[in-house]
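S.K.: run.cif (mmCIF, C-alpha atoms) pasted underneath:
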```cif
data_data
loop_
_atom_site.label_atom_id
_atom_site.label_comp_id
_atom_site.auth_asym_id
_atom_site.auth_seq_id
_atom_site.Cartn_x
_atom_site.Cartn_y
_atom_site.Cartn_z
CA MET A 27 119.94 123.98 59.12
CA SER A 28 121.25 127.16 60.62
CA ALA A 29 119.94 130.71 60.37
CA THR A 30 122.82 133.12 59.85
CA SER A 31 120.35 135.97 60.17
CA ALA A 32 116.64 136.28 60.62
CA GLU A 33 116.23 136.23 56.85
CA VAL A 34 118.72 133.69 55.52
CA LEU A 35 118.10 129.98 55.97
CA ASP A 36 121.45 128.42 55.28
CA LEU A 37 121.14 124.81 54.17
CA ARG A 38 124.63 124.51 52.72
CA GLY A 39 125.75 122.04 55.37
CA CYS A 40 122.72 119.80 54.93
CA THR A 41 123.74 116.30 53.84
CA PHE A 42 120.50 114.41 54.36
CA ALA A 43 116.83 115.27 53.98
CA THR A 44 113.55 113.52 54.65
CA PRO A 45 109.89 114.56 54.47
CA GLY A 46 109.98 115.34 58.20
CA GLY A 47 112.84 117.81 57.84
CA LEU A 48 111.30 119.19 54.69
CA VAL A 49 108.04 120.01 56.43
CA ALA A 50 109.91 121.56 59.35
CA LEU A 51 111.80 123.74 56.89
CA ALA A 52 108.64 124.77 55.05
CA CYS A 53 106.92 125.71 58.29
CA GLU A 54 109.88 127.79 59.41
CA VAL A 55 110.03 129.61 56.08
CA ARG A 56 106.32 130.36 56.18
CA ARG A 57 106.50 131.51 59.80
CA GLN A 58 109.26 133.95 58.92
CA VAL A 59 107.39 135.20 55.87
CA GLU A 60 104.23 135.76 57.87
CA ALA A 61 106.29 137.70 60.39
CA GLY A 62 107.11 140.08 57.57
CA ARG A 63 110.66 138.93 56.91
CA ARG A 64 112.21 138.49 53.51
CA VAL A 65 113.50 134.94 53.54
CA THR A 66 116.26 133.66 51.30
CA LEU A 67 117.36 130.06 51.02
CA GLU A 68 120.91 128.83 50.44
CA ALA A 69 120.78 125.38 48.83
CA PRO A 70 122.77 122.46 50.22
CA ARG A 71 126.22 121.96 48.74
CA ASN A 72 125.39 118.26 48.55
CA PHE A 73 124.11 117.87 45.00
CA ASP A 74 121.68 115.03 45.70
CA VAL A 75 120.10 116.77 48.66
CA ALA A 76 119.79 120.04 46.73
CA CYS A 77 118.11 118.20 43.85
CA TRP A 78 115.73 116.40 46.20
CA LEU A 79 114.70 119.64 47.90
CA ASP A 80 114.23 121.18 44.47
CA ARG A 81 112.16 118.20 43.41
CA MET A 82 110.00 118.61 46.52
CA ASP A 83 109.29 122.25 45.59
CA VAL A 84 111.32 123.96 48.32
CA PRO A 85 112.38 126.89 46.08
CA LYS A 86 108.68 127.69 45.57
CA LEU A 87 108.44 128.57 49.26
CA VAL A 88 110.17 131.87 48.63
CA PRO A 89 109.78 134.52 45.92
CA ASP A 90 111.74 134.26 42.66
CA GLY A 91 115.36 135.15 43.20
CA CYS A 92 115.34 134.27 46.89
CA ALA A 93 116.55 130.69 46.52
CA SER A 94 120.17 130.31 45.51
CA GLY A 95 122.26 127.29 44.61
CA PHE A 96 119.41 125.06 43.48
CA HIS A 97 119.88 123.29 40.18
CA GLY A 98 116.44 123.55 38.62
CA VAL A 99 115.85 119.82 38.28
CA GLN A 100 113.34 118.38 35.86
CA HIS A 101 110.21 117.13 37.55
CA HIS A 102 110.18 113.60 36.17
CA PRO A 103 106.97 111.79 37.05
CA ARG A 104 107.56 109.96 40.32
CA ARG A 105 104.08 110.25 41.56
CA ASP A 106 104.04 106.71 42.79
CA ARG A 107 106.76 107.56 45.29
CA LEU A 108 106.66 111.25 46.12
CA VAL A 109 104.20 113.74 47.45
CA GLU A 110 105.83 117.13 47.08
CA LEU A 111 105.09 119.87 49.61
CA VAL A 112 101.36 120.47 49.71
CA GLU A 113 99.88 123.29 51.73
CA ILE A 114 96.97 122.17 53.87
CA GLU A 115 93.92 124.23 53.09
CA ASP A 116 91.32 124.79 55.75
CA GLY A 117 87.95 123.23 55.05
CA GLU A 118 86.49 119.75 55.43
CA SER A 119 86.43 118.85 51.76
CA GLU A 120 89.94 120.26 51.24
CA ILE A 121 91.33 118.09 54.03
CA GLU A 122 89.50 115.02 52.73
CA HIS A 123 90.81 115.69 49.24
CA MET A 124 94.37 116.13 50.49
CA ALA A 125 94.29 112.90 52.53
CA GLU A 126 92.87 110.97 49.60
CA LEU A 127 95.46 112.47 47.26
CA VAL A 128 98.27 111.17 49.43
CA VAL A 129 96.87 107.65 49.88
CA ASN A 130 96.27 107.44 46.15
CA ARG A 131 99.76 108.67 45.29
CA VAL A 132 101.56 106.21 47.53
CA ARG A 133 99.39 103.41 46.19
CA LEU A 134 98.44 101.74 49.41
CA GLU A 135 95.58 99.29 49.29
CA GLY A 136 93.20 97.56 51.65
CA GLN A 137 93.53 98.19 55.36
CA ALA A 138 96.77 100.15 54.98
CA ARG A 139 94.97 102.63 52.74
CA SER A 140 92.19 103.07 55.30
CA GLU A 141 94.62 103.47 58.17
CA LEU A 142 96.73 106.05 56.39
CA TYR A 143 93.69 108.05 55.29
CA ASP A 144 92.38 108.12 58.84
CA SER A 145 95.75 109.19 60.25
CA LEU A 146 96.36 111.91 57.67
CA TYR A 147 92.86 113.26 58.04
CA GLU A 148 93.13 113.47 61.82
CA LEU A 149 96.56 115.14 61.68
CA ALA A 150 95.48 117.67 59.06
CA LEU A 151 92.30 118.39 60.98
CA ASN A 152 94.41 119.10 64.05
CA VAL A 153 96.38 121.63 62.02
CA CYS A 154 93.24 123.40 60.91
CA GLU A 155 91.34 123.23 64.18
CA HIS A 156 94.10 123.87 66.72
CA SER A 157 97.11 125.59 65.19
CA GLY A 158 95.67 128.91 64.12
CA THR A 159 97.77 128.68 60.95
CA SER A 160 97.91 126.56 57.86
CA GLY A 161 100.31 123.66 57.43
CA PHE A 162 102.29 121.51 55.03
CA ILE A 163 102.42 117.84 54.18
CA ALA A 164 105.02 115.83 52.27
CA ALA A 165 105.63 112.12 51.78
CA GLN A 166 107.96 109.65 50.18
CA THR A 167 107.80 105.91 49.68
CA TYR A 168 111.15 104.21 50.11
CA ARG A 169 112.08 100.62 49.32
CA ASN A 170 110.18 99.12 52.23
CA HIS A 171 108.66 101.98 54.18
CA LEU A 172 106.65 105.13 53.84
CA GLU A 173 107.42 108.43 55.53
CA VAL A 174 104.78 111.12 55.81
CA ALA A 175 105.09 114.40 57.68
CA ILE A 176 102.51 117.04 58.51
CA GLY A 177 103.35 120.26 60.29
CA ASP A 178 102.27 123.76 61.15
CA TRP A 179 103.81 126.89 62.62
CA GLY A 180 100.95 127.68 64.97
CA THR A 181 100.30 127.82 68.67
CA GLY A 182 101.67 124.40 69.54
CA VAL A 183 100.04 121.65 71.58
CA ARG A 184 100.80 123.05 75.03
CA ALA A 185 99.35 126.49 74.32
CA SER A 186 96.37 124.97 72.53
CA LEU A 187 95.51 122.79 75.51
CA ALA A 188 96.13 125.67 77.91
CA SER A 189 93.46 127.67 76.11
CA ALA A 190 90.96 125.05 77.34
CA GLY A 191 92.34 125.01 80.88
CA HIS A 192 94.62 121.99 80.52
CA MET A 193 97.90 123.25 81.92
CA TYR A 194 101.23 121.44 81.50
CA ASP A 195 104.70 122.45 82.65
CA ALA A 196 106.48 121.14 79.58
CA ASP A 197 105.71 120.70 75.89
CA ALA A 198 106.46 116.99 76.09
CA ASP A 199 103.93 116.58 78.89
CA ALA A 200 101.27 118.26 76.78
CA LEU A 201 102.16 116.06 73.81
CA LEU A 202 101.92 112.96 75.95
CA ALA A 203 98.50 113.95 77.26
CA ALA A 204 97.22 114.82 73.78
CA SER A 205 98.40 111.53 72.32
CA THR A 206 97.44 109.09 75.06
CA THR A 207 94.27 110.50 76.62
CA ASP A 208 91.05 112.15 75.49
CA VAL A 209 92.25 115.61 76.52
CA SER A 210 91.53 118.23 73.86
CA SER A 211 91.38 121.96 73.45
CA LYS A 212 87.76 121.39 72.44
CA PRO A 213 86.17 120.01 75.60
CA GLY A 214 83.85 117.09 74.94
CA TRP A 215 84.57 117.27 71.26
CA GLY A 216 87.65 115.29 70.49
CA GLY A 217 90.87 113.98 71.88
CA LYS A 218 91.04 110.80 69.83
CA GLY A 219 92.88 112.00 66.74
CA LEU A 220 96.47 111.44 67.83
CA GLN A 221 95.52 108.23 69.61
CA SER A 222 94.15 106.85 66.35
CA VAL A 223 97.34 107.84 64.49
CA ILE A 224 99.47 105.89 66.96
CA ARG A 225 97.09 102.93 67.01
CA ASN A 226 97.13 102.77 63.22
CA ALA A 227 100.93 102.86 63.03
CA LYS A 228 101.18 100.02 65.52
CA GLY A 229 98.60 98.08 63.52
CA VAL A 230 100.66 98.40 60.34
CA ALA A 231 103.77 97.30 62.23
CA ARG A 232 102.01 94.21 63.54
CA ARG A 233 100.81 93.16 60.11
CA HIS A 234 104.19 93.71 58.45
CA ARG A 235 106.16 92.45 61.45
CA ARG A 236 108.43 95.43 61.01
CA PRO A 237 108.69 98.53 63.20
CA ALA A 238 106.72 101.72 62.78
CA LYS A 239 107.33 105.09 64.36
CA VAL A 240 105.28 108.18 65.09
CA ASP A 241 107.30 111.27 66.01
CA LEU A 242 105.58 114.32 67.45
CA TRP A 243 107.43 117.62 67.89
CA SER A 244 105.91 120.69 69.45
CA GLY A 245 107.75 123.53 71.14
CA ASN A 246 110.74 122.08 72.99
CA GLY A 247 109.35 118.59 73.30
CA THR A 248 109.36 115.49 71.15
CA LEU A 249 107.72 112.13 71.63
CA ARG A 250 108.58 109.03 69.68
CA PHE A 251 106.09 106.18 69.67
CA ASP A 252 107.99 103.13 68.48
CA SER A 253 106.12 99.91 67.88
CA ASN A 254 109.03 98.05 69.48
CA ARG A 255 108.74 99.97 72.74
CA ALA A 256 106.00 99.96 75.34
CA ASP A 257 106.43 103.60 76.33
CA PRO A 258 107.10 106.67 74.21
CA LEU A 259 110.57 108.14 74.14
CA VAL A 260 110.51 111.71 75.46
CA ARG A 261 113.17 114.24 74.53
CA ARG A 262 113.74 117.94 74.99
CA VAL A 263 114.92 119.51 71.73
CA ARG A 264 115.42 122.76 69.87
CA HIS A 265 112.25 124.82 69.80
CA HIS A 266 109.81 124.49 66.92
CA GLN A 267 107.01 127.02 66.85
CA GLY A 268 104.02 124.85 66.09
CA THR A 269 103.67 121.10 65.76
CA ILE A 270 105.10 118.49 63.42
CA ALA A 271 104.02 114.87 63.14
CA ARG A 272 106.07 112.30 61.26
CA LEU A 273 104.94 108.78 60.46
CA VAL A 274 107.34 106.07 59.35
CA VAL A 275 105.48 102.87 58.56
CA PRO A 276 106.41 99.71 56.68
CA CYS A 277 104.83 99.14 53.31
CA MET B 10 63.99 102.47 61.66
CA THR B 11 65.57 105.59 60.26
CA THR B 12 67.94 105.13 57.33
CA LEU B 13 70.61 107.66 56.42
CA GLN B 14 73.07 107.74 53.52
CA GLY B 15 76.63 108.06 54.76
CA PRO B 16 79.16 110.25 52.96
CA ALA B 17 81.68 108.85 50.47
CA ARG B 18 84.48 110.16 52.68
CA MET B 19 84.05 110.43 56.40
CA GLY B 20 85.57 113.47 58.00
CA SER B 21 85.25 115.57 61.08
CA ARG B 22 83.00 115.33 64.10
CA SER B 23 81.01 118.23 62.70
CA LYS B 24 80.28 116.22 59.58
CA ALA B 25 78.92 113.34 61.67
CA ALA B 26 76.82 115.73 63.72
CA ARG B 27 75.38 117.25 60.55
CA LEU B 28 74.47 113.84 59.20
CA VAL B 29 72.15 113.17 62.13
CA GLN B 30 71.06 116.71 62.91
CA ASP B 31 67.50 116.15 61.71
CA LEU B 32 66.92 113.12 63.92
CA PRO B 33 64.77 113.58 67.01
CA THR B 34 66.66 114.42 70.18
CA SER B 35 65.44 111.16 71.74
CA LEU B 36 65.08 108.04 69.63
CA GLY B 37 63.75 105.75 72.36
CA ASN B 38 63.33 102.29 70.91
CA GLU B 39 64.16 103.17 67.33
CA SER B 40 67.23 102.01 65.42
CA VAL B 41 69.31 104.11 63.05
CA ARG B 42 70.79 102.60 59.91
CA VAL B 43 73.61 104.38 58.07
CA GLU B 44 74.49 103.04 54.64
CA PHE B 45 77.95 103.67 53.23
CA GLY B 46 79.10 103.09 49.69
CA ASP B 47 81.87 100.69 48.71
CA GLY B 48 85.31 102.09 49.35
CA THR B 49 84.19 104.66 51.89
CA LEU B 50 87.23 106.14 53.62
CA ALA B 51 86.72 106.14 57.39
CA THR B 52 87.91 108.50 60.09
CA THR B 53 87.98 107.92 63.82
CA SER B 54 86.51 111.33 64.62
CA PHE B 55 83.47 110.77 62.41
CA LEU B 56 82.71 107.29 63.74
CA ASP B 57 83.23 108.31 67.35
CA GLN B 58 80.88 111.26 66.98
CA LEU B 59 78.31 109.12 65.19
CA CYS B 60 78.27 106.73 68.15
CA ILE B 61 77.93 109.65 70.54
CA GLU B 62 75.14 111.36 68.62
CA VAL B 63 73.05 108.27 67.93
CA LEU B 64 73.66 106.00 70.89
CA VAL B 65 74.73 108.24 73.76
CA VAL B 66 72.86 111.49 73.16
CA ARG B 67 69.74 110.19 71.38
CA ARG B 68 69.78 106.75 73.00
CA ALA B 69 68.79 104.81 69.89
CA LYS B 70 68.07 101.11 70.20
CA SER B 71 70.93 100.32 67.82
CA LEU B 72 73.25 101.87 65.28
CA GLN B 73 73.42 99.77 62.14
CA LEU B 74 76.44 100.54 59.99
CA VAL B 75 76.21 99.07 56.50
CA GLY B 76 79.03 98.81 53.99
CA LEU B 77 82.01 99.52 56.25
CA ASP B 78 85.28 97.70 55.64
CA SER B 79 86.91 95.73 58.43
CA TYR B 80 89.08 98.67 59.45
CA ALA B 81 86.13 101.00 59.88
CA GLN B 82 84.17 98.33 61.73
CA GLY B 83 87.06 97.93 64.16
CA VAL B 84 87.29 101.68 64.73
CA ALA B 85 83.53 101.94 65.28
CA LEU B 86 83.63 99.11 67.82
CA ASP B 87 86.57 100.67 69.67
CA CYS B 88 84.77 104.01 69.87
CA ALA B 89 81.51 102.41 70.99
CA ARG B 90 83.32 100.32 73.58
CA GLU B 91 84.88 103.43 75.09
CA ARG B 92 81.45 105.06 75.22
CA GLY B 93 79.88 102.00 76.84
CA VAL B 94 77.50 101.34 73.94
CA VAL B 95 79.30 98.59 72.04
CA ASP B 96 76.39 96.16 72.47
CA ARG B 97 74.22 98.42 70.31
CA VAL B 98 76.50 98.69 67.26
CA VAL B 99 75.78 96.17 64.51
CA PHE B 100 77.06 95.63 60.98
CA PRO B 101 74.27 94.11 58.93
CA PRO B 102 75.00 92.94 55.39
CA ARG B 103 74.00 95.14 52.50
CA VAL B 104 70.65 94.04 51.04
#
```
Represent the supplied structure as structure tokens.

M.R.:
Amino acid sequence: MSATSAEVLDLRGCTFATPGGLVALACEVRRQVEAGRRVTLEAPRNFDVACWLDRMDVPKLVPDGCASGFHGVQHHPRRDRLVELVEIEDGESEIEHMAELVVNRVRLEGQARSELYDSLYELALNVCEHSGTSGFIAAQTYRNHLEVAIGDWGTGVRASLASAGHMYDADADALLAASTTDVSSKPGWGGKGLQSVIRNAKGVARRHRRPAKVDLWSGNGTLRFDSNRADPLVRRVRHHQGTIARLVVPC
Amino acid sequence: MTTLQGPARMGSRSKAARLVQDLPTSLGNESVRVEFGDGTLATTSFLDQLCIEVLVVRRAKSLQLVGLDSYAQGVALDCARERGVVDRVVFPPRV
């Protein structure tokens, strides 16, 4: 994705798309819109990717006439495999409903259903309690794994923790603290949400004997928790205003 | 023994705090029983806060959690262990 101006999000070169990228795109569009910009989207030249983005409701992110090159695909029922972009609404019952919607749509059962509900709830709650904005979620079940992404365009983890006096030099350091310790921007009132997400992903990986990943991206930092690795992989990347979490778990 | 009805879907820490808000601030030798329906969807935040409110803050004799699936039981035990109160969490069968 490249922005040829502040208003045009040019996706023409995009040849691959996943729920994680989709949520990042949705957050960027919404951030620009909230900044008062008129955003237009140029669809990918790759037909399959353009259709998938269309299917996942990307053109609905912008006003009519501001999305060009999409093909207007039919929305065939694929509700056992896809969760199109859903905006996360603030409010306890709204978050509960959203998390339950996703676990029902991807048809997980037993412990996997409980683990995914817990993870989605905690991630969506983080969006509502810490970001200062709303957020998006999207998911897809593939042949043998599920990918879910949740993101926002808010303050980001480092700034959120700083507001409670927890200062970190780098975004990745703040992410690491938030995901491996009880540190929280609400002192004495949390700090376990991201830990439970990572614990649940590792639990799924153990049961399926196949790897799971949790990717966290906030500001210039990313962390990847891979069930095959003891320590998270830390990388410095292009800036994202806000936070995105992506789960890839076997199913 | 005080018995409370748990929600169909657990949620935030606030929700757990509201569930027990009418309990006395010190429970002394009393136990608290929370009954959940079949298929209750658990969250870590809710169970952690429930342990804090009942066992750490109000110092109840025990927290009896009824109707939780194995996942939720494991989460509750992990939370209680971290709070140093794991010996007071029990999972009695539904009667």

S.K.: Per residue of chain B within 10 Å of chain A, what are the shortest atom pair and its distance in Å to one decimal, counting only C-alpha atoms, with rows by chain and residue number, as a tab-separated table?

M.R.:
```
residue	atom	partner	partner_atom	distance
B:Arg18	CA	A:Glu122	CA	7.0
B:Met19	CA	A:Glu122	CA	8.0
B:Gly20	CA	A:Glu122	CA	6.8
B:Ser21	CA	A:Glu118	CA	7.1
B:Arg22	CA	A:Trp215	CA	7.6
B:Ser23	CA	A:Glu118	CA	9.2
B:Lys24	CA	A:Glu118	CA	8.3
B:Gly48	CA	A:Ser140	CA	9.1
B:Thr49	CA	A:Ser140	CA	8.8
B:Leu50	CA	A:Ser140	CA	6.1
B:Ala51	CA	A:Asp144	CA	6.2
B:Thr52	CA	A:Asp144	CA	4.7
B:Thr53	CA	A:Asp144	CA	6.6
B:Ser54	CA	A:Gly219	CA	6.7
B:Phe55	CA	A:Asp144	CA	10.0
B:Asp57	CA	A:Lys218	CA	8.6
B:Gln58	CA	A:Trp215	CA	8.2
B:Asp78	CA	A:Gln137	CA	8.3
B:Ser79	CA	A:Gln137	CA	7.7
B:Tyr80	CA	A:Gln137	CA	6.1
B:Ala81	CA	A:Ser140	CA	7.9
B:Val84	CA	A:Ser222	CA	8.7
B:Cys88	CA	A:Lys218	CA	9.2
```

S.K.: Got a sec to resolve the PyMOL selection byres ((chain B and resi 64-66) around 9) on this structure and send the residues as a ChimeraX atom specification?

M.R.: /B:34-36,59-63,67-72,89,92-94,97-98

S.K.: Care to translate the PyMOL selection byres ((chain A and resi 34-51) around 8) into actual residues of this file, as a PDB file with C-alpha atoms, in the coordinates of the input?

M.R.:
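Result written to result_7.pdb:
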```pdb
ATOM      1  CA  MET A  27     119.940 123.980  59.120  1.00  0.00           C
ATOM      2  CA  SER A  28     121.250 127.160  60.620  1.00  0.00           C
ATOM      3  CA  ALA A  29     119.940 130.710  60.370  1.00  0.00           C
ATOM      4  CA  THR A  30     122.820 133.120  59.850  1.00  0.00           C
ATOM      5  CA  SER A  31     120.350 135.970  60.170  1.00  0.00           C
ATOM      6  CA  ALA A  32     116.640 136.280  60.620  1.00  0.00           C
ATOM      7  CA  GLU A  33     116.230 136.230  56.850  1.00  0.00           C
ATOM      8  CA  ALA A  52     108.640 124.770  55.050  1.00  0.00           C
ATOM      9  CA  CYS A  53     106.920 125.710  58.290  1.00  0.00           C
ATOM     10  CA  GLU A  54     109.880 127.790  59.410  1.00  0.00           C
ATOM     11  CA  VAL A  55     110.030 129.610  56.080  1.00  0.00           C
ATOM     12  CA  VAL A  65     113.500 134.940  53.540  1.00  0.00           C
ATOM     13  CA  THR A  66     116.260 133.660  51.300  1.00  0.00           C
ATOM     14  CA  LEU A  67     117.360 130.060  51.020  1.00  0.00           C
ATOM     15  CA  GLU A  68     120.910 128.830  50.440  1.00  0.00           C
ATOM     16  CA  ALA A  69     120.780 125.380  48.830  1.00  0.00           C
ATOM     17  CA  PRO A  70     122.770 122.460  50.220  1.00  0.00           C
ATOM     18  CA  ARG A  71     126.220 121.960  48.740  1.00  0.00           C
ATOM     19  CA  ASN A  72     125.390 118.260  48.550  1.00  0.00           C
ATOM     20  CA  VAL A  75     120.100 116.770  48.660  1.00  0.00           C
ATOM     21  CA  TRP A  78     115.730 116.400  46.200  1.00  0.00           C
ATOM     22  CA  LEU A  79     114.700 119.640  47.900  1.00  0.00           C
ATOM     23  CA  VAL A  84     111.320 123.960  48.320  1.00  0.00           C
ATOM     24  CA  LEU A 111     105.090 119.870  49.610  1.00  0.00           C
ATOM     25  CA  PHE A 162     102.290 121.510  55.030  1.00  0.00           C
ATOM     26  CA  ILE A 163     102.420 117.840  54.180  1.00  0.00           C
ATOM     27  CA  ALA A 164     105.020 115.830  52.270  1.00  0.00           C
ATOM     28  CA  ALA A 165     105.630 112.120  51.780  1.00  0.00           C
ATOM     29  CA  GLN A 166     107.960 109.650  50.180  1.00  0.00           C
ATOM     30  CA  GLU A 173     107.420 108.430  55.530  1.00  0.00           C
ATOM     31  CA  VAL A 174     104.780 111.120  55.810  1.00  0.00           C
ATOM     32  CA  ALA A 175     105.090 114.400  57.680  1.00  0.00           C
ATOM     33  CA  ILE A 176     102.510 117.040  58.510  1.00  0.00           C
ATOM     34  CA  GLY A 177     103.350 120.260  60.290  1.00  0.00           C
ATOM     35  CA  ILE A 270     105.100 118.490  63.420  1.00  0.00           C
ATOM     36  CA  ALA A 271     104.020 114.870  63.140  1.00  0.00           C
ATOM     37  CA  ARG A 272     106.070 112.300  61.260  1.00  0.00           C
TER      38      ARG A 272
END
```

S.K.: Please, what distance in Å, to one decimal, runs between atom CA of Met82 of chain A and atom CA of Leu108 of chain A?

M.R.: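 Separation of atom CA of Met82 of chain A and atom CA of Leu108 of chain A: 8.1 Å.
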
S.K.: Pick the closest to Gln14 of chain B from B:Arg90, B:Leu74, B:Asp96, B:Val43: which is it, counting only C-alpha atoms?

M.R.: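 For Gln14 of chain B, the nearest of the given residues is B:Val43.
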
S.K.: Report as a PyMOL selection string the full result of the PyMOL selection byres ((chain A and resi 186) around 12) when it is applied to this structure.

M.R.: chain A and resi 152-153+155-158+180-185+187-194+197+200-201+204+209-213+244-245+268-269

S.K.: Point out the residue among B:Arg103, B:Ala85, B:Pro33, B:Thr12 with the least atom-to-atom distance to Gly46 of chain B, counting all atoms listed in the file.

M.R.: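 Ranked by minimum distance to Gly46 of chain B, first place goes to B:Arg103.
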
S.K.: Any idea what the distance is between atom CA of Val95 of chain B and atom CA of Leu202 of chain A?

M.R.: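 About the pair atom CA of Val95 of chain B and atom CA of Leu202 of chain A: they are 27.1 Å apart.
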
S.K.: What does the structure give for the distance between atom CA of Arg63 of chain A and atom CA of Leu87 of chain A, in Å to one decimal?

M.R.: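 Between atom CA of Arg63 of chain A and atom CA of Leu87 of chain A the gap works out to 13.1 Å.
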
S.K.: Quick one: residues within 9 Å of Met10 of chain B, only C-alpha atoms, excluding same-chain residues fewer than 5 positions away - as a ChimeraX atom specification?

M.R.: /B:39-42

S.K.: So that I can see what lies close to Ala227 of chain A, please list as a PyMOL selection string the residues with an atom at most 7 Å from it, counting only C-alpha atoms and leaving out residues fewer than 4 positions away in the same chain.

M.R.: chain A and resi 223+231+238-239+275

S.K.: Tell me which of B:Ala26, B:Leu32, B:Val99, B:Leu77 sits closest to Asp47 of chain B, counting all atoms listed in the file.

M.R.: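 Comparing B:Ala26, B:Leu32, B:Val99, B:Leu77 against Asp47 of chain B, the winner is B:Leu77.
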